[in-house]
file final-v8.cif (mmCIF, C-alpha atoms)
data_final
#
loop_
_atom_site.label_atom_id
_atom_site.label_comp_id
_atom_site.auth_asym_id
_atom_site.auth_seq_id
_atom_site.Cartn_x
_atom_site.Cartn_y
_atom_site.Cartn_z
CA MET U 10 1.34 -6.94 9.37
CA ILE U 11 -1.12 -8.03 6.74
CA GLU U 12 -4.74 -7.20 7.25
CA SER U 13 -7.40 -9.02 5.27
CA VAL U 14 -10.58 -7.11 4.53
CA VAL U 15 -13.44 -9.59 4.82
CA TYR U 16 -16.76 -7.73 5.20
CA GLU U 17 -17.77 -4.16 4.53
CA HIS U 18 -16.39 -1.77 7.14
CA MET U 19 -16.13 -4.28 9.94
CA ASP U 20 -14.52 -7.68 9.82
CA THR U 21 -10.76 -7.53 9.55
CA ARG U 22 -8.03 -9.89 10.65
CA VAL U 23 -4.61 -8.62 11.64
CA VAL U 24 -1.90 -11.20 11.01
CA PRO U 25 1.80 -10.81 11.85
CA LEU U 26 3.81 -10.73 8.64
CA PHE U 27 5.65 -14.03 8.96
CA ASP U 28 2.53 -15.84 10.22
CA PHE U 29 0.60 -14.93 7.07
CA LYS U 30 -0.25 -17.74 4.62
CA ARG U 31 -2.47 -16.70 1.71
CA GLU U 32 -4.28 -20.06 1.62
CA LEU U 33 -5.53 -19.51 5.19
CA HIS U 34 -7.60 -16.51 4.02
CA PRO U 35 -9.78 -17.79 1.15
CA ASP U 36 -12.70 -15.48 2.05
CA ALA U 37 -10.68 -12.27 2.15
CA LEU U 38 -12.00 -9.52 -0.09
CA GLY U 39 -8.64 -7.75 -0.10
CA PHE U 40 -5.40 -7.20 1.76
CA ILE U 41 -3.68 -4.26 3.44
CA ILE U 42 0.05 -4.57 3.97
CA SER U 43 0.88 -2.10 6.72
CA GLY U 44 3.87 -0.02 7.59
CA ALA U 45 6.66 -1.48 9.71
CA PRO U 46 9.76 -0.17 11.52
CA ILE U 47 12.03 -1.78 8.91
CA LEU U 48 14.49 0.13 6.74
CA ILE U 49 14.63 -1.73 3.44
CA THR U 50 17.94 -0.04 2.56
CA GLU U 51 19.57 -1.44 5.72
CA VAL U 52 18.30 -5.04 5.88
CA ASP U 53 18.39 -8.09 3.68
CA THR U 54 15.00 -7.83 1.96
CA GLU U 55 15.10 -11.42 0.64
CA PRO U 56 13.10 -12.97 3.55
CA TYR U 57 10.43 -10.27 3.10
CA LEU U 58 10.29 -10.71 -0.66
CA GLU U 59 9.92 -14.48 -0.18
CA GLN U 60 7.02 -13.83 2.22
CA PHE U 61 5.36 -11.59 -0.40
CA GLU U 62 5.81 -14.03 -3.30
CA TRP U 63 2.03 -14.74 -3.20
CA ILE U 64 1.38 -11.20 -4.46
CA LYS U 65 2.66 -12.07 -7.94
CA THR U 66 -0.33 -14.35 -8.59
CA GLU U 67 -2.92 -12.57 -6.43
CA GLU U 68 -6.14 -11.28 -7.99
CA LYS U 69 -7.78 -9.72 -4.92
CA PRO U 70 -7.18 -6.01 -4.18
CA ILE U 71 -4.04 -5.08 -2.24
CA LEU U 72 -3.19 -1.80 -0.53
CA GLY U 73 0.42 -1.35 0.56
CA ILE U 74 1.07 1.39 3.12
CA CYS U 75 4.63 2.72 3.63
CA PHE U 76 6.63 -0.53 4.15
CA GLY U 77 3.76 -2.37 2.39
CA HIS U 78 4.03 0.08 -0.52
CA GLN U 79 7.77 -0.51 -0.68
CA MET U 80 7.40 -4.31 -0.57
CA LEU U 81 4.70 -4.21 -3.24
CA GLY U 82 7.04 -2.20 -5.45
CA LEU U 83 10.13 -4.33 -4.75
CA THR U 84 8.12 -7.48 -5.52
CA PHE U 85 7.55 -6.07 -9.01
CA GLY U 86 11.12 -4.83 -9.56
CA ALA U 87 11.21 -1.32 -8.07
CA LEU U 88 14.47 0.06 -6.75
CA SER U 89 14.81 1.49 -3.24
CA ASN U 90 16.73 4.51 -2.06
CA ARG U 91 17.43 6.42 1.11
CA GLN U 92 16.15 10.00 1.30
CA ARG U 93 15.72 12.72 3.87
CA GLU U 94 13.55 11.92 6.87
CA ASP U 95 9.94 13.04 6.57
CA ARG U 96 7.83 12.62 9.70
CA ASP U 97 5.22 15.34 9.30
CA TRP U 98 2.27 16.44 7.19
CA GLN U 99 3.01 16.73 3.49
CA THR U 100 1.00 18.10 0.58
CA VAL U 101 0.44 15.20 -1.82
CA GLU U 102 -0.59 15.95 -5.39
CA VAL U 103 -2.65 13.34 -7.23
CA ILE U 104 -1.43 13.28 -10.85
CA ALA U 105 -3.42 10.36 -12.33
CA ASP U 106 -6.97 9.05 -12.05
CA CYS U 107 -7.08 6.39 -9.36
CA PRO U 108 -10.09 4.97 -7.48
CA LEU U 109 -8.13 5.18 -4.22
CA PHE U 110 -8.43 8.98 -4.42
CA ASN U 111 -12.12 9.22 -5.37
CA LYS U 112 -13.97 12.08 -3.62
CA LEU U 113 -10.70 13.89 -2.82
CA PRO U 114 -9.15 17.08 -4.22
CA THR U 115 -5.98 16.77 -6.29
CA GLU U 116 -3.88 18.27 -3.47
CA ILE U 117 -4.30 16.84 0.02
CA GLU U 118 -2.42 16.95 3.31
CA LEU U 119 -1.32 13.50 4.48
CA MET U 120 0.97 12.23 7.24
CA GLU U 121 4.42 10.92 6.36
CA ASP U 122 6.74 8.75 8.46
CA HIS U 123 9.67 7.48 6.40
CA CYS U 124 13.21 8.03 5.19
CA GLU U 125 13.16 5.72 2.17
CA ALA U 126 11.38 5.56 -1.15
CA ILE U 127 10.99 3.32 -4.20
CA SER U 128 10.91 3.85 -7.93
CA ILE U 129 7.79 3.12 -9.98
CA PRO U 130 7.98 -0.57 -10.97
CA LYS U 131 7.19 -1.85 -14.44
CA ASP U 132 3.42 -2.31 -14.97
CA PHE U 133 2.58 0.36 -12.37
CA ILE U 134 1.15 3.82 -12.93
CA HIS U 135 2.53 6.81 -11.04
CA VAL U 136 -0.47 8.27 -9.15
CA ALA U 137 0.78 10.88 -6.66
CA VAL U 138 3.83 12.96 -5.80
CA SER U 139 5.01 15.35 -3.06
CA ASP U 140 7.99 17.60 -2.45
CA ALA U 141 9.38 14.87 -0.17
CA THR U 142 8.80 11.75 -2.30
CA VAL U 143 8.36 11.23 -6.03
CA ASN U 144 6.43 7.95 -5.62
CA GLU U 145 3.80 8.90 -3.02
CA ALA U 146 1.26 6.58 -4.65
CA MET U 147 1.10 4.05 -7.45
CA MET U 148 -1.32 1.51 -8.88
CA HIS U 149 -0.85 -1.57 -11.00
CA HIS U 150 -1.77 -1.19 -14.64
CA SER U 151 -4.19 -4.14 -14.72
CA LYS U 152 -4.51 -5.60 -11.19
CA PRO U 153 -6.26 -3.93 -8.23
CA PHE U 154 -2.95 -3.23 -6.46
CA TYR U 155 -2.26 0.14 -4.86
CA GLY U 156 0.68 1.48 -2.89
CA VAL U 157 0.96 4.67 -0.82
CA GLN U 158 4.12 5.93 0.87
CA PHE U 159 2.15 8.11 3.31
CA HIS U 160 0.01 6.85 6.22
CA PRO U 161 -3.74 7.17 5.54
CA GLU U 162 -4.57 5.51 8.87
CA VAL U 163 -3.30 8.61 10.75
CA SER U 164 -4.18 11.26 8.14
CA GLY U 165 -7.56 12.39 9.43
CA ASN U 166 -10.57 12.64 7.14
CA HIS U 167 -8.59 12.46 3.90
CA GLY U 168 -6.90 9.26 5.06
CA ALA U 169 -10.25 7.82 6.15
CA ILE U 170 -11.66 8.48 2.66
CA ILE U 171 -8.68 6.69 1.08
CA LEU U 172 -9.26 3.64 3.31
CA GLU U 173 -13.00 3.76 2.62
CA ASN U 174 -12.24 3.90 -1.11
CA PHE U 175 -10.11 0.78 -0.73
CA VAL U 176 -13.00 -1.02 0.97
CA HIS U 177 -15.22 -0.02 -2.00
CA ILE U 178 -12.55 -1.31 -4.41
CA CYS U 179 -12.63 -4.64 -2.54
CA GLU U 180 -16.44 -4.78 -2.60
CA ASP U 181 -16.65 -3.92 -6.30
CA HIS U 182 -13.94 -6.41 -7.23
CA ASN U 183 -15.69 -9.22 -5.35
CA SER U 184 -19.28 -8.51 -6.44
#

call {"tool": "encode", "arguments": {"input": "final-v8.cif", "output": "structure tokens"}}
result
Amino acid sequence: MIESVVYEHMDTRVVPLFDFKRELHPDALGFIISGAPILITEVDTEPYLEQFEWIKTEEKPILGICFGHQMLGLTFGALSNRQREDRDWQTVEVIADCPLFNKLPTEIELMEDHCEAISIPKDFIHVAVSDATVNEAMMHHSKPFYGVQFHPEVSGNHGAIILENFVHICEDHNS
């Protein structure tokens, strides 16, 4: 699913992945690419990468969550790998300054639900790590693109702050 953030804290549109066309969302302030029950190490990723081709020229903020994080990375040349299953709370350590983690401590508990990971693609900065996954979070060097392997939407207050920070990123970018 791709969610377009339109107005502060309220107006969002949820669009099924293969129904999404970037040109149909000219007023979007940003985009969230959600998780999905798809194992990128077990499927042909080409149809997904074709669907995400628009990202390469996008200027609006993007937040990739789990599958969205993986697709964001693969679009920019990351490699994928299978790893042990992690479907529980994990301590994530923030290792680089990133506006997505404003107002949060450097170590936070966040919910995981995955068994795959990606490398850090060229032009991205490694932002967070855990014992379960090296690339817990990343951000593009010059574009407002962020990816998180964990699930902020089910991670309580810390996750809510991350999502709120993304809304602020969208507002600041579009002001």

call {"tool": "closest_residue", "arguments": {"input": "final-v8.cif", "among": "U:Arg91, U:Ile42, U:Phe27, U:Thr84", "to": "Gln60 in chain U", "atoms": "only C-alpha atoms"}}
result
U:Phe27

call {"tool": "atom_distance", "arguments": {"input": "final-v8.cif", "atom1": "CA of Leu48 in chain U", "atom2": "CA of Lys131 in chain U"}}
result
22.5 Å

call {"tool": "resolve_selection", "arguments": {"input": "final-v8.cif", "expression": "the PyMOL selection byres ((chain U and resi 124) around 6)", "output": "number ranges by chain"}}
result
U: 92-94, 123, 125

call {"tool": "resolve_selection", "arguments": {"input": "final-v8.cif", "expression": "the PyMOL selection byres ((chain U and resi 157) around 7)", "output": "CSV table (one decimal) with C-alpha atoms, keeping the file's coordinate frame"}}
result
chain,number,residue,atom,x,y,z
U,73,GLY,CA,0.4,-1.4,0.6
U,74,ILE,CA,1.1,1.4,3.1
U,75,CYS,CA,4.6,2.7,3.6
U,78,HIS,CA,4.0,0.1,-0.5
U,145,GLU,CA,3.8,8.9,-3.0
U,146,ALA,CA,1.3,6.6,-4.6
U,147,MET,CA,1.1,4.0,-7.4
U,155,TYR,CA,-2.3,0.1,-4.9
U,156,GLY,CA,0.7,1.5,-2.9
U,158,GLN,CA,4.1,5.9,0.9
U,159,PHE,CA,2.2,8.1,3.3

call {"tool": "residues_near_point", "arguments": {"input": "final-v8.cif", "point": "(-6.3, -1.7, -16.9)", "cutoff": "12 Å", "atoms": "only C-alpha atoms", "output": "MDAnalysis selection string"}}
result
chainID U and resid 106:107 132:134 148:154

call {"tool": "closest_residue", "arguments": {"input": "final-v8.cif", "among": "U:Glu67, U:Asp181, U:Glu62, U:Glu51", "to": "Pro35 in chain U", "atoms": "all atoms listed in the file"}}
result
U:Glu67

call {"tool": "closest_residue", "arguments": {"input": "final-v8.cif", "among": "U:Glu59, U:Glu116, U:Glu102, U:Asp95", "to": "Leu81 in chain U", "atoms": "all atoms listed in the file"}}
result
U:Glu59

call {"tool": "residues_around", "arguments": {"input": "final-v8.cif", "residues": "Trp63 in chain U", "least_positions_apart": "4", "cutoff": "12 Å", "atoms": "all atoms listed in the file", "output": "list in words"}}
result
Phe29, Lys30, Arg31, Glu32, Phe40, Tyr57, Leu58, Glu59, Glu67, Glu68, Lys69, Ile71, Leu81, Thr84 and Phe85 of chain U

call {"tool": "write_last_selection", "arguments": {"input": "final-v8.cif", "atoms": "C-alpha atoms", "output": "compact mmCIF listing (two decimals), in the coordinates of the input"}}
result
# COMPACT_ATOMS: atom_id res chain seq x y z
CA PHE U 29 0.60 -14.93 7.07
CA LYS U 30 -0.25 -17.74 4.62
CA ARG U 31 -2.47 -16.70 1.71
CA GLU U 32 -4.28 -20.06 1.62
CA PHE U 40 -5.40 -7.20 1.76
CA TYR U 57 10.43 -10.27 3.10
CA LEU U 58 10.29 -10.71 -0.66
CA GLU U 59 9.92 -14.48 -0.18
CA GLU U 67 -2.92 -12.57 -6.43
CA GLU U 68 -6.14 -11.28 -7.99
CA LYS U 69 -7.78 -9.72 -4.92
CA ILE U 71 -4.04 -5.08 -2.24
CA LEU U 81 4.70 -4.21 -3.24
CA THR U 84 8.12 -7.48 -5.52
CA PHE U 85 7.55 -6.07 -9.01

call {"tool": "closest_residue", "arguments": {"input": "final-v8.cif", "among": "U:Pro46, U:Pro114, U:Pro130, U:Pro56", "to": "Ile171 in chain U", "atoms": "all atoms listed in the file"}}
result
U:Pro114

call {"tool": "closest_residue", "arguments": {"input": "final-v8.cif", "among": "U:Arg22, U:Gly82, U:Gly77, U:Val103", "to": "Lys65 in chain U", "atoms": "only C-alpha atoms"}}
result
U:Gly82

call {"tool": "residues_around", "arguments": {"input": "final-v8.cif", "residues": "Asn144 in chain U", "least_positions_apart": "4", "cutoff": "7 Å", "atoms": "all atoms listed in the file", "output": "PyMOL selection string"}}
result
chain U and resi 127-129+135+137-138

call {"tool": "residues_around", "arguments": {"input": "final-v8.cif", "residues": "Ser184 in chain U", "least_positions_apart": "4", "cutoff": "10 Å", "atoms": "only C-alpha atoms", "output": "list in words"}}
result
Leu38, Cys179 and Glu180 of chain U

call {"tool": "residues_around", "arguments": {"input": "final-v8.cif", "residues": "Leu113 in chain U", "least_positions_apart": "3", "cutoff": "8 Å", "atoms": "all atoms listed in the file", "output": "list in words"}}
result
Phe110, Ile117, His167 and Ile170 of chain U

call {"tool": "write_last_selection", "arguments": {"input": "final-v8.cif", "atoms": "C-alpha atoms", "output": "CSV table (one decimal), in the coordinates of the input"}}
result
chain,number,residue,atom,x,y,z
U,110,PHE,CA,-8.4,9.0,-4.4
U,117,ILE,CA,-4.3,16.8,0.0
U,167,HIS,CA,-8.6,12.5,3.9
U,170,ILE,CA,-11.7,8.5,2.7

call {"tool": "atom_distance", "arguments": {"input": "final-v8.cif", "atom1": "CA of Phe61 in chain U", "atom2": "CA of Gln79 in chain U"}}
result
11.3 Å

call {"tool": "build_atoms", "arguments": {"input": "final-v8.cif", "residues": "range 98-132 of chain U", "atoms": "N, CA and C atoms", "output": "compact mmCIF listing (two decimals), in the frame of the given file"}}
result
# COMPACT_ATOMS: atom_id res chain seq x y z
N TRP U 98 3.28 16.28 8.24
CA TRP U 98 2.27 16.44 7.19
C TRP U 98 2.94 16.90 5.92
N GLN U 99 2.45 16.40 4.80
CA GLN U 99 3.01 16.73 3.49
C GLN U 99 1.86 16.94 2.51
N THR U 100 1.98 17.92 1.64
CA THR U 100 1.00 18.10 0.58
C THR U 100 1.29 17.09 -0.52
N VAL U 101 0.32 16.24 -0.78
CA VAL U 101 0.44 15.20 -1.82
C VAL U 101 -0.43 15.62 -2.99
N GLU U 102 0.15 15.59 -4.18
CA GLU U 102 -0.59 15.95 -5.39
C GLU U 102 -0.91 14.69 -6.19
N VAL U 103 -2.19 14.48 -6.43
CA VAL U 103 -2.65 13.34 -7.23
C VAL U 103 -2.51 13.74 -8.70
N ILE U 104 -1.75 12.93 -9.46
CA ILE U 104 -1.43 13.28 -10.85
C ILE U 104 -2.04 12.33 -11.87
N ALA U 105 -2.77 11.32 -11.41
CA ALA U 105 -3.42 10.36 -12.33
C ALA U 105 -4.74 9.90 -11.70
N ASP U 106 -5.71 9.59 -12.55
CA ASP U 106 -6.97 9.05 -12.05
C ASP U 106 -6.71 7.72 -11.35
N CYS U 107 -7.28 7.60 -10.14
CA CYS U 107 -7.08 6.39 -9.36
C CYS U 107 -8.25 6.27 -8.40
N PRO U 108 -8.94 5.12 -8.37
CA PRO U 108 -10.09 4.97 -7.48
C PRO U 108 -9.78 5.13 -6.00
N LEU U 109 -8.53 4.99 -5.62
CA LEU U 109 -8.13 5.18 -4.22
C LEU U 109 -8.35 6.62 -3.78
N PHE U 110 -8.32 7.55 -4.73
CA PHE U 110 -8.43 8.98 -4.42
C PHE U 110 -9.77 9.57 -4.83
N ASN U 111 -10.78 8.72 -5.07
CA ASN U 111 -12.12 9.22 -5.37
C ASN U 111 -12.60 10.12 -4.24
N LYS U 112 -13.35 11.14 -4.58
CA LYS U 112 -13.97 12.08 -3.62
C LYS U 112 -12.94 12.96 -2.91
N LEU U 113 -11.73 13.06 -3.44
CA LEU U 113 -10.70 13.89 -2.82
C LEU U 113 -10.20 14.93 -3.82
N PRO U 114 -9.75 16.09 -3.31
CA PRO U 114 -9.15 17.08 -4.22
C PRO U 114 -7.81 16.56 -4.74
N THR U 115 -7.25 17.23 -5.72
CA THR U 115 -5.98 16.77 -6.29
C THR U 115 -4.78 17.08 -5.39
N GLU U 116 -4.94 18.01 -4.45
CA GLU U 116 -3.88 18.27 -3.47
C GLU U 116 -4.46 18.06 -2.08
N ILE U 117 -3.81 17.16 -1.32
CA ILE U 117 -4.30 16.84 0.02
C ILE U 117 -3.13 16.73 0.99
N GLU U 118 -3.41 17.06 2.25
CA GLU U 118 -2.42 16.95 3.31
C GLU U 118 -2.50 15.55 3.92
N LEU U 119 -1.36 14.85 3.94
CA LEU U 119 -1.32 13.50 4.48
C LEU U 119 -0.07 13.34 5.34
N MET U 120 -0.12 12.43 6.29
CA MET U 120 0.97 12.23 7.24
C MET U 120 2.03 11.28 6.68
N GLU U 121 3.27 11.71 6.80
CA GLU U 121 4.42 10.92 6.36
C GLU U 121 5.18 10.40 7.58
N ASP U 122 5.87 9.27 7.41
CA ASP U 122 6.74 8.75 8.46
C ASP U 122 7.72 7.78 7.81
N HIS U 123 8.73 8.34 7.12
CA HIS U 123 9.67 7.48 6.40
C HIS U 123 10.96 8.22 6.09
N CYS U 124 11.95 7.46 5.66
CA CYS U 124 13.21 8.03 5.19
C CYS U 124 13.73 7.23 3.99
N GLU U 125 12.81 6.51 3.35
CA GLU U 125 13.16 5.72 2.17
C GLU U 125 12.04 5.86 1.14
N ALA U 126 12.37 5.51 -0.08
CA ALA U 126 11.38 5.56 -1.15
C ALA U 126 11.71 4.48 -2.17
N ILE U 127 10.76 4.28 -3.10
CA ILE U 127 10.99 3.32 -4.20
C ILE U 127 10.67 3.99 -5.52
N SER U 128 11.23 3.42 -6.58
CA SER U 128 10.91 3.85 -7.93
C SER U 128 9.55 3.26 -8.33
N ILE U 129 9.05 3.68 -9.46
CA ILE U 129 7.79 3.12 -9.98
C ILE U 129 8.15 1.84 -10.73
N PRO U 130 7.65 0.69 -10.28
CA PRO U 130 7.98 -0.57 -10.97
C PRO U 130 7.26 -0.68 -12.32
N LYS U 131 7.81 -1.53 -13.16
CA LYS U 131 7.19 -1.85 -14.44
C LYS U 131 5.75 -2.31 -14.18
N ASP U 132 4.85 -1.96 -15.05
CA ASP U 132 3.42 -2.31 -14.97
C ASP U 132 2.66 -1.52 -13.91
